[in-house]
Amino acid sequence: MSITHEDAEPRTDRPARIPTRRSVLMCRPEHFVVVYRINPWMDPALPTDTSLAVQQWDVLYRTYVDLGYDVQLIEPIEGLPDMVYAANGGFVVDNVAYGASFTYPERQPEGPAYMDWFRSHGFEVAEPRSVNEGEGDFLLVGDTILAGTGFRSTDASHGELAELYGREVVSLRLIDPNFYHLDTALSVLDGTPGQEHIAYLPSAFDDASRAVIAERFPDAIVVNDEDAAVLGLNSFSDGYNVVIASSAVDFERQLREHGYNPIGVDLSELLLGGGGVKCCTLELRR
Ligand code: ARG
C-alpha cells in the first residue's frame, strides 16, 4: 500500500498567494508597562522590561519596512501604556476612520489621540457613538466586515459600522476571556474578494458564530490550542507574507502548506499586556 502525502505536490486547486503592499500605523512602546489588569494576560505583579519591548517591537517594525510596507507612526503618550496596541485605535476603510471608544477608563484617552492622528493625516473621521475597540474587533475580509463582540466592542457599534460603510457586517460572539478581541481568535489571511481565506480558533466563539464561520469559510485553517495560546492568530498577512508569533510552530507549518510565507517574530514582552503582532498593527485603507 502506498502512502500519499496530500501536500507533497504543489497544489493547483487554490488561488496563487499574491502579496499586496500594505499601509499600516504603529506606536513604539516607549511607555509600555503592565500597571492595570483589563484582560487575563495582564498581571501588574509581574515585572515588564520596556526596553526589551521596544527592541522586540523594532523587529516587527523593520519586518514591515523590509516587506515594502508604508509604515506610519503615532507618537506614544506617557501614561497610556497600551497605546502600542495600535489596532485598537480605530478601523479604517475607504479613507474613513471610525474612531475607537474604549471599554475601560484606563484606555479611553487613546480614542481622541488616534482620531487626531487620522484627521491630521488626511483621513475622514467618524466619531463613534458606541463602545468599540477598532480593528481589534473589526476585520475586513472581501467586502464583508467581521465584527467581534462579547468582551469589548458592543453590538451597537456593529450597527454603526454597517451604516457608515454600507457593507455587510457579520457579528461574531467571543466567549473565552483569553481571546477577548476578534483579532486574537481569527486571522484574515487573504481578504481578496472571491478568494477569502482565514484561520481561527473555533472554541473562542459561541455555537452560532462558529457555525457562521464554518459555513462562510469552509477551507479555513483551524489552529490548535497551543498556537492560539501564544496569540499565534494575532498575525498580519499581506496575502502572501504572514507575520506571526515565532512560537506558533504548527500554525507556521499550516501556513506553508497553504502556500503562504510565514515570518516569525518574538513579541514575548508585549504578550504580557495581552497583545501580539496584529494588536501592534492598524491597517490604513485609503
Ligand atoms: N492590554 C490591551 C487591552 O487589554 C491589549 C490589547 C490587544 N489588542 C488587540 N488588538 N487584541 O486592551
# chains A, B, ... in the order shown; residues from 1 in each chain; ligands from 1
>>> residues_around(residues="region 164-177 of chain A", least_positions_apart="4", cutoff="10 Å", atoms="only C-alpha atoms", output="JSON, numbers by chain")
{"A": [39, 40, 41, 93, 94, 96, 97, 98, 126, 137, 138, 139, 140, 143, 144, 145, 146, 147, 148, 149, 150, 151, 152, 154, 155, 158, 159, 160, 181, 182, 185, 202, 203, 204, 205, 206, 207, 208, 209, 210, 212, 213]}
>>> write_last_selection(atoms="N, CA and C atoms", output="CSV table (one decimal), in the first residue's frame")
chain,number,residue,atom,x,y,z
A,39,ASN,N,-7.4,42.4,31.0
A,39,ASN,CA,-7.5,41.1,30.4
A,39,ASN,C,-6.7,40.1,31.1
A,40,PRO,N,-7.0,38.8,31.0
A,40,PRO,CA,-6.4,37.7,31.8
A,40,PRO,C,-4.9,37.6,31.6
A,41,TRP,N,-4.4,38.1,30.5
A,41,TRP,CA,-2.9,38.0,30.2
A,41,TRP,C,-2.1,39.0,31.1
A,93,VAL,N,-11.4,52.1,6.6
A,93,VAL,CA,-11.7,51.6,5.3
A,93,VAL,C,-12.1,52.8,4.4
A,94,ASP,N,-11.8,52.8,3.1
A,94,ASP,CA,-12.2,53.8,2.2
A,94,ASP,C,-11.8,55.2,2.7
A,96,VAL,N,-12.0,56.4,5.5
A,96,VAL,CA,-12.8,56.8,6.6
A,96,VAL,C,-12.4,56.1,7.8
A,97,ALA,N,-12.0,56.8,8.9
A,97,ALA,CA,-11.6,56.2,10.1
A,97,ALA,C,-12.8,56.3,11.1
A,98,TYR,N,-13.3,55.1,11.5
A,98,TYR,CA,-14.3,55.0,12.6
A,98,TYR,C,-13.5,55.0,13.9
A,126,ALA,N,-15.0,59.4,11.6
A,126,ALA,CA,-16.4,59.3,12.1
A,126,ALA,C,-16.3,59.1,13.6
A,137,ASP,N,-11.4,44.3,17.0
A,137,ASP,CA,-12.6,43.6,16.9
A,137,ASP,C,-13.2,43.6,15.5
A,138,PHE,N,-12.7,44.4,14.6
A,138,PHE,CA,-13.3,44.5,13.2
A,138,PHE,C,-12.3,44.1,12.2
A,139,LEU,N,-12.6,43.1,11.4
A,139,LEU,CA,-11.7,42.7,10.4
A,139,LEU,C,-12.4,42.7,9.0
A,140,LEU,N,-11.8,43.3,8.0
A,140,LEU,CA,-12.3,43.3,6.7
A,140,LEU,C,-11.9,42.1,5.9
A,143,ASP,N,-15.6,41.9,0.9
A,143,ASP,CA,-16.4,43.1,1.1
A,143,ASP,C,-17.2,43.1,2.4
A,144,THR,N,-16.9,42.1,3.2
A,144,THR,CA,-17.6,42.0,4.5
A,144,THR,C,-16.7,42.4,5.7
A,145,ILE,N,-17.4,43.0,6.7
A,145,ILE,CA,-16.7,43.3,7.9
A,145,ILE,C,-17.1,42.2,9.0
A,146,LEU,N,-16.1,41.4,9.4
A,146,LEU,CA,-16.4,40.5,10.6
A,146,LEU,C,-16.2,41.4,11.8
A,147,ALA,N,-17.2,41.3,12.7
A,147,ALA,CA,-17.2,42.2,13.9
A,147,ALA,C,-17.4,41.3,15.2
A,148,GLY,N,-16.4,41.5,16.1
A,148,GLY,CA,-16.4,40.7,17.3
A,148,GLY,C,-17.2,41.5,18.4
A,149,THR,N,-17.8,40.7,19.3
A,149,THR,CA,-18.4,41.3,20.5
A,149,THR,C,-18.3,40.3,21.6
A,150,GLY,N,-18.8,40.6,22.8
A,150,GLY,CA,-18.7,39.7,23.9
A,150,GLY,C,-17.9,40.2,25.0
A,151,PHE,N,-16.8,40.9,24.7
A,151,PHE,CA,-15.9,41.4,25.8
A,151,PHE,C,-15.7,42.9,25.7
A,152,ARG,N,-15.5,43.4,24.4
A,152,ARG,CA,-15.2,44.8,24.3
A,152,ARG,C,-16.2,45.5,23.4
A,154,THR,N,-19.3,46.7,21.3
A,154,THR,CA,-20.7,46.4,21.5
A,154,THR,C,-21.4,46.0,20.2
A,155,ASP,N,-22.6,45.4,20.4
A,155,ASP,CA,-23.5,45.2,19.2
A,155,ASP,C,-23.8,46.4,18.5
A,158,HIS,N,-21.6,47.5,15.9
A,158,HIS,CA,-21.7,46.8,14.6
A,158,HIS,C,-22.7,47.5,13.7
A,159,GLY,N,-23.8,48.0,14.3
A,159,GLY,CA,-24.8,48.7,13.6
A,159,GLY,C,-24.2,50.0,13.0
A,160,GLU,N,-23.4,50.7,13.8
A,160,GLU,CA,-22.8,51.9,13.3
A,160,GLU,C,-21.9,51.6,12.1
A,181,HIS,N,-10.5,39.9,22.1
A,181,HIS,CA,-10.7,40.7,20.8
A,181,HIS,C,-10.8,39.7,19.7
A,182,LEU,N,-11.5,40.1,18.6
A,182,LEU,CA,-11.6,39.2,17.5
A,182,LEU,C,-10.3,38.8,16.9
A,185,ALA,N,-8.5,35.7,17.9
A,185,ALA,CA,-9.1,34.4,17.7
A,185,ALA,C,-9.3,34.1,16.2
A,202,PRO,N,-11.9,27.7,16.8
A,202,PRO,CA,-13.3,27.5,17.0
A,202,PRO,C,-13.8,27.7,18.4
A,203,SER,N,-13.0,27.2,19.4
A,203,SER,CA,-13.5,27.3,20.8
A,203,SER,C,-13.7,28.7,21.3
A,204,ALA,N,-13.1,29.7,20.6
A,204,ALA,CA,-13.2,31.1,21.1
A,204,ALA,C,-14.6,31.7,20.8
A,205,PHE,N,-15.4,31.0,20.0
A,205,PHE,CA,-16.7,31.5,19.6
A,205,PHE,C,-17.9,30.7,20.2
A,206,ASP,N,-19.0,31.4,20.3
A,206,ASP,CA,-20.2,30.6,20.6
A,206,ASP,C,-20.7,29.8,19.5
A,207,ASP,N,-21.6,28.9,19.7
A,207,ASP,CA,-22.0,27.9,18.7
A,207,ASP,C,-22.5,28.5,17.4
A,208,ALA,N,-23.4,29.6,17.6
A,208,ALA,CA,-23.9,30.2,16.4
A,208,ALA,C,-22.9,30.8,15.5
A,209,SER,N,-21.9,31.5,16.2
A,209,SER,CA,-20.8,32.2,15.4
A,209,SER,C,-19.9,31.2,14.8
A,210,ARG,N,-19.7,30.1,15.5
A,210,ARG,CA,-18.8,29.0,15.0
A,210,ARG,C,-19.4,28.5,13.7
A,212,VAL,N,-21.5,30.0,11.7
A,212,VAL,CA,-21.4,31.1,10.6
A,212,VAL,C,-20.0,31.0,10.0
A,213,ILE,N,-19.0,30.9,10.8
A,213,ILE,CA,-17.6,30.9,10.3
A,213,ILE,C,-17.4,29.7,9.4
>>> select_by_dssp(residues="region 107-244 of chain A", states="helix (DSSP H, G or I)", output="MDAnalysis selection string")
chainID A and resid 107 110:120 134:136 155:165 177:179 182:184 202:204 207:216 225:228
>>> residues_around(residues="region 107-124 of chain A", least_positions_apart="6", cutoff="10 Å", atoms="only C-alpha atoms", output="PyMOL selection string")
chain A and resi 25+38+72-77+79-83+86+88-90+92-101+132-134+284-286
>>> write_last_selection(atoms="N, CA, C and O atoms", output="tab-separated table (two decimals), in the first residue's frame")
chain	number	residue	atom	x	y	z
A	25	LEU	N	-0.31	51.62	10.56
A	25	LEU	CA	0.03	52.57	11.62
A	25	LEU	C	0.50	51.78	12.84
A	25	LEU	O	-0.12	50.78	13.22
A	38	ILE	N	-6.79	44.47	32.55
A	38	ILE	CA	-8.09	44.53	31.87
A	38	ILE	C	-8.29	43.32	30.97
A	38	ILE	O	-9.27	43.24	30.24
A	72	GLN	N	3.47	54.01	9.08
A	72	GLN	CA	3.28	55.30	9.72
A	72	GLN	C	3.40	55.12	11.23
A	72	GLN	O	3.08	54.04	11.75
A	73	LEU	N	3.83	56.17	11.91
A	73	LEU	CA	3.99	56.09	13.36
A	73	LEU	C	3.19	57.18	14.06
A	73	LEU	O	3.17	58.33	13.61
A	74	ILE	N	2.55	56.80	15.16
A	74	ILE	CA	1.88	57.78	16.01
A	74	ILE	C	2.75	57.93	17.27
A	74	ILE	O	3.33	56.95	17.76
A	75	GLU	N	2.87	59.16	17.75
A	75	GLU	CA	3.69	59.47	18.91
A	75	GLU	C	3.10	58.81	20.17
A	75	GLU	O	1.93	59.03	20.50
A	76	PRO	N	3.89	58.00	20.89
A	76	PRO	CA	3.36	57.39	22.12
A	76	PRO	C	3.15	58.45	23.21
A	76	PRO	O	3.91	59.41	23.28
A	77	ILE	N	2.14	58.27	24.03
A	77	ILE	CA	1.83	59.24	25.09
A	77	ILE	C	2.10	58.60	26.44
A	77	ILE	O	1.66	57.47	26.71
A	79	GLY	N	1.80	57.52	30.14
A	79	GLY	CA	0.61	57.25	30.94
A	79	GLY	C	-0.43	56.43	30.18
A	79	GLY	O	-1.47	56.07	30.75
A	80	LEU	N	-0.15	56.14	28.89
A	80	LEU	CA	-1.05	55.28	28.11
A	80	LEU	C	-0.25	54.06	27.62
A	80	LEU	O	0.13	53.96	26.46
A	81	PRO	N	0.02	53.12	28.55
A	81	PRO	CA	0.94	52.02	28.26
A	81	PRO	C	0.44	51.07	27.17
A	81	PRO	O	1.24	50.40	26.51
A	82	ASP	N	-0.88	51.03	26.97
A	82	ASP	CA	-1.44	50.11	25.96
A	82	ASP	C	-1.53	50.75	24.57
A	82	ASP	O	-2.03	50.12	23.63
A	83	MET	N	-1.03	51.96	24.44
A	83	MET	CA	-1.14	52.64	23.15
A	83	MET	C	-0.37	51.91	22.04
A	83	MET	O	-0.65	52.07	20.86
A	86	ALA	N	-1.87	49.41	18.52
A	86	ALA	CA	-2.47	50.38	17.59
A	86	ALA	C	-3.74	49.87	16.92
A	86	ALA	O	-4.59	50.68	16.52
A	88	ASN	N	-6.27	48.82	18.10
A	88	ASN	CA	-7.46	49.26	18.82
A	88	ASN	C	-7.78	50.74	18.61
A	88	ASN	O	-8.81	51.22	19.08
A	89	GLY	N	-6.89	51.45	17.91
A	89	GLY	CA	-7.05	52.89	17.76
A	89	GLY	C	-8.14	53.32	16.80
A	89	GLY	O	-8.50	54.50	16.75
A	90	GLY	N	-8.69	52.38	16.04
A	90	GLY	CA	-9.76	52.73	15.10
A	90	GLY	C	-9.91	51.65	14.06
A	90	GLY	O	-9.29	50.57	14.17
A	92	VAL	N	-10.16	51.55	9.73
A	92	VAL	CA	-10.03	52.45	8.58
A	92	VAL	C	-10.31	51.72	7.27
A	92	VAL	O	-9.59	50.80	6.90
A	93	VAL	N	-11.35	52.15	6.58
A	93	VAL	CA	-11.70	51.62	5.26
A	93	VAL	C	-12.14	52.79	4.39
A	93	VAL	O	-12.78	53.73	4.91
A	94	ASP	N	-11.79	52.76	3.11
A	94	ASP	CA	-12.23	53.82	2.17
A	94	ASP	C	-11.84	55.21	2.66
A	94	ASP	O	-12.60	56.17	2.49
A	95	ASN	N	-10.68	55.32	3.27
A	95	ASN	CA	-10.20	56.60	3.80
A	95	ASN	C	-11.02	57.16	4.96
A	95	ASN	O	-10.81	58.29	5.39
A	96	VAL	N	-11.97	56.37	5.46
A	96	VAL	CA	-12.79	56.81	6.59
A	96	VAL	C	-12.36	56.05	7.85
A	96	VAL	O	-12.35	54.81	7.85
A	97	ALA	N	-12.01	56.81	8.88
A	97	ALA	CA	-11.60	56.19	10.14
A	97	ALA	C	-12.75	56.26	11.13
A	97	ALA	O	-13.17	57.35	11.54
A	98	TYR	N	-13.25	55.09	11.50
A	98	TYR	CA	-14.26	55.01	12.56
A	98	TYR	C	-13.48	55.00	13.87
A	98	TYR	O	-12.69	54.07	14.14
A	99	GLY	N	-13.66	56.03	14.69
A	99	GLY	CA	-12.87	56.18	15.91
A	99	GLY	C	-13.21	55.12	16.95
A	99	GLY	O	-14.29	54.54	16.95
A	100	ALA	N	-12.24	54.90	17.84
A	100	ALA	CA	-12.45	53.93	18.92
A	100	ALA	C	-13.04	54.64	20.14
A	100	ALA	O	-12.79	55.82	20.38
A	101	SER	N	-13.83	53.87	20.90
A	101	SER	CA	-14.34	54.35	22.19
A	101	SER	C	-14.12	53.18	23.15
A	101	SER	O	-14.82	52.17	23.07
A	132	ASN	N	-16.35	50.69	21.16
A	132	ASN	CA	-15.73	49.76	20.21
A	132	ASN	C	-14.22	49.92	20.28
A	132	ASN	O	-13.72	50.99	20.61
A	133	GLU	N	-13.50	48.85	19.98
A	133	GLU	CA	-12.04	48.87	20.06
A	133	GLU	C	-11.40	48.60	18.70
A	133	GLU	O	-10.42	47.85	18.57
A	134	GLY	N	-11.99	49.24	17.68
A	134	GLY	CA	-11.36	49.31	16.36
A	134	GLY	C	-11.04	47.96	15.75
A	134	GLY	O	-11.78	46.99	15.89
A	284	LEU	N	-4.20	50.85	7.30
A	284	LEU	CA	-4.75	52.11	6.80
A	284	LEU	C	-5.19	51.86	5.35
A	284	LEU	O	-4.35	51.65	4.47
A	285	ARG	N	-6.49	51.85	5.12
A	285	ARG	CA	-7.00	51.61	3.76
A	285	ARG	C	-7.54	52.92	3.21
A	285	ARG	O	-8.58	53.39	3.66
A	286	ARG	N	-6.83	53.50	2.25
A	286	ARG	CA	-7.19	54.81	1.70
A	286	ARG	C	-8.39	54.72	0.77
A	286	ARG	O	-8.60	53.75	0.12
>>> select_by_dssp(residues="region 105-230 of chain A", states="strand (DSSP E)", output="JSON, numbers by chain")
{"A": [124, 125, 126, 138, 139, 140, 141, 144, 145, 146, 147, 148, 149, 168, 169, 170, 171, 172, 173, 186, 187, 188, 189, 190, 197, 198, 199, 200, 221, 222]}
>>> closest_atom_pairs(of="chain A", to="ligand 1", cutoff="7 Å", atoms="only C-alpha atoms and all ligand atoms", output="Markdown table")
| residue | atom | partner | partner_atom_place_in_ligand_line | distance |
| --- | --- | --- | --- | --- |
| A:Ile38 | CA | ligand 1 | 4 (O) | 5.1 |
| A:Asn39 | CA | ligand 1 | 4 (O) | 5.0 |
| A:Met42 | CA | ligand 1 | 1 (N) | 7.0 |
| A:Asp82 | CA | ligand 1 | 1 (N) | 5.4 |
| A:Tyr85 | CA | ligand 1 | 8 (N) | 5.1 |
| A:Ala87 | CA | ligand 1 | 10 (N) | 4.9 |
| A:Asn88 | CA | ligand 1 | 10 (N) | 5.3 |
| A:Glu135 | CA | ligand 1 | 10 (N) | 6.5 |
| A:Gly136 | CA | ligand 1 | 10 (N) | 3.6 |
| A:His181 | CA | ligand 1 | 11 (N) | 5.0 |
| A:Asp183 | CA | ligand 1 | 11 (N) | 5.6 |
| A:Thr184 | CA | ligand 1 | 11 (N) | 5.6 |
| A:Gly273 | CA | ligand 1 | 1 (N) | 4.5 |
| A:Gly274 | CA | ligand 1 | 5 (C) | 4.8 |
| A:Gly275 | CA | ligand 1 | 7 (C) | 4.2 |
| A:Lys278 | CA | ligand 1 | 10 (N) | 6.3 |
| A:Cys279 | CA | ligand 1 | 10 (N) | 3.6 |
